[in-house]
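I have placed the structure first, in the form of structure tokens, so that the comments after it can refer back to it.
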Amino acid sequence: MYLSRRRPLVATAVALLALALSPALAYAETPTSDDQIVIGEGGRMGGGDDRSAGPRERRDRSQAAPAPEEPPAVLGIDVSGHNKSVDWAKHWQDGKRFAYVKATEGSTFRSSKFSAQYTDSYYAGFIRGAYHFARPDGKPGDVQADFFVDHGGSWSADGQTLPGVLDIEGPYFDFDECWGLTQDEMITWIRAFTTRYFERTGRQAVIYTGYYWWEKCTGNSAAFGETNPLWLAAWRSTPPEKIPAGWSGGWTFWQYTDTPLDQNRYAGDYAQLQEYATGGPID
């Protein structure tokens, strides 16, 4: 997930993060032989290959983003095919406890690294889930939700599987930031995806987005705040002040930096994250 056209934020020193938080979706890439661009479905960052490597919003880089300046919390990472090698043991040692892995994009692309990353994170002890990079310029939301669920985005109450994520942001290639849709059309597309995901899995999909993209492309819609947990992209050292409409309870996940890879914070403690993974009331 990598919110391509967003407000830049400054990523900072990894060393600060390690020192501050010890015990606790990447940019476009060239398609490999396993990640061929599919005309009409791809781009370079979450599209027909792992072009949309990790979630990102056009962040306000006016603030550096080492570790969040908050009480101890549950930290995690998100990865995709862009992350060629992930040292899960090292991330666990550094205090990370959950992960999201890119599974699909559009209605045809499957990440060639998903299976290994998803499995390896599981055996390393992580509570993990999958994410889908939305292509509203392609098939309808319900069709893409089916594709996601059928190829890694499902959910099980095993205590180590998080509900799937809809990564909804601007294109990673030169195209209209709202994918050529009006605000009403975008809301309809998102609703079709989240409704079908719930029908297929019994869980509400998490929505990954950024404030500015959401404001521009949905008119700051409040339609999903009561049902779908928010994963907010905002690279900064303090919790984001601007929250999309409808999410009165704030974010559930916060992506606060992309250095040295996408790093995130969960709003509750570890026991609550475990409860959420087993079907708890957070969503």
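Quick note on naming: the chains in the structure tokens go A, B, ... in the order shown, residues restart at 1 in each chain, and ligands are numbered from 1 in order of appearance.
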
Check your understanding: Excluding same-chain residues fewer than 6 positions from Ser221 (chain A), what lies within 9 Å of it counting only C-alpha atoms, as a VMD selection string?
Key -> chain A and resid 183 187 214 to 215 244 to 246

File dump, residues just selected, N, CA and C atoms, as a JSON list (two decimals), in the first residue's frame:
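Output file out-v7.json is given in full below:
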[["chain", "number", "residue", "atom", "x", "y", "z"],
["A", 183, "GLN", "N", -16.89, 11.79, -6.58],
["A", 183, "GLN", "CA", -16.92, 11.44, -5.16],
["A", 183, "GLN", "C", -18.01, 10.42, -4.86],
["A", 187, "ILE", "N", -17.46, 6.55, -3.42],
["A", 187, "ILE", "CA", -18.13, 6.03, -2.23],
["A", 187, "ILE", "C", -18.87, 4.74, -2.56],
["A", 214, "TRP", "N", -8.73, 11.14, 0.98],
["A", 214, "TRP", "CA", -10.11, 10.86, 1.35],
["A", 214, "TRP", "C", -10.98, 12.11, 1.20],
["A", 215, "GLU", "N", -10.44, 13.22, 1.62],
["A", 215, "GLU", "CA", -11.18, 14.48, 1.52],
["A", 215, "GLU", "C", -11.47, 14.83, 0.06],
["A", 244, "PRO", "N", -10.26, 11.53, 8.99],
["A", 244, "PRO", "CA", -11.39, 11.57, 8.06],
["A", 244, "PRO", "C", -12.72, 11.53, 8.80],
["A", 245, "ALA", "N", -13.73, 12.13, 8.22],
["A", 245, "ALA", "CA", -15.06, 12.21, 8.84],
["A", 245, "ALA", "C", -15.63, 10.82, 9.12],
["A", 246, "GLY", "N", -16.39, 10.74, 10.21],
["A", 246, "GLY", "CA", -17.08, 9.50, 10.55],
["A", 246, "GLY", "C", -16.34, 8.65, 11.55]]

Practice item. Using DSSP on the backbone coordinates, identify the residues of region 121-185 of chain A assigned to strand (DSSP E or B); present them as number ranges by chain. Key: A: 127-133, 161, 165-167

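Of the listed residues (A:Lys102, A:Lys96, A:His91, A:Arg200), A:Lys102 comes nearest to Leu166 (chain A); the distances count only C-alpha atoms.
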
Practice item. Measure the distance from CA of Asp158 (chain A) to CA of Ala192 (chain A) in Å and round it to one decimal. Key: 26.9 Å

Check your understanding: Which parts of region 54-254 of chain A does DSSP call alpha helix (DSSP H) when run on the backbone here, written out as a PyMOL selection string?
Key -> chain A and resi 88-93+114-123+141-148+183-201+211-218

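Across the model, the gap from CA of Asp142 (chain A) to CA of Glu177 (chain A) is 21.2 Å.
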
Revision key, fill the gap. Judged by only C-alpha atoms, the minimum distance to Ala134 (chain A) among A:Thr252, A:Asn228, A:Ser154, A:Thr209 is found for A:Thr209

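Counting from CA of Thr201 (chain A), the distance to CA of Phe147 (chain A) is 12.8 Å.
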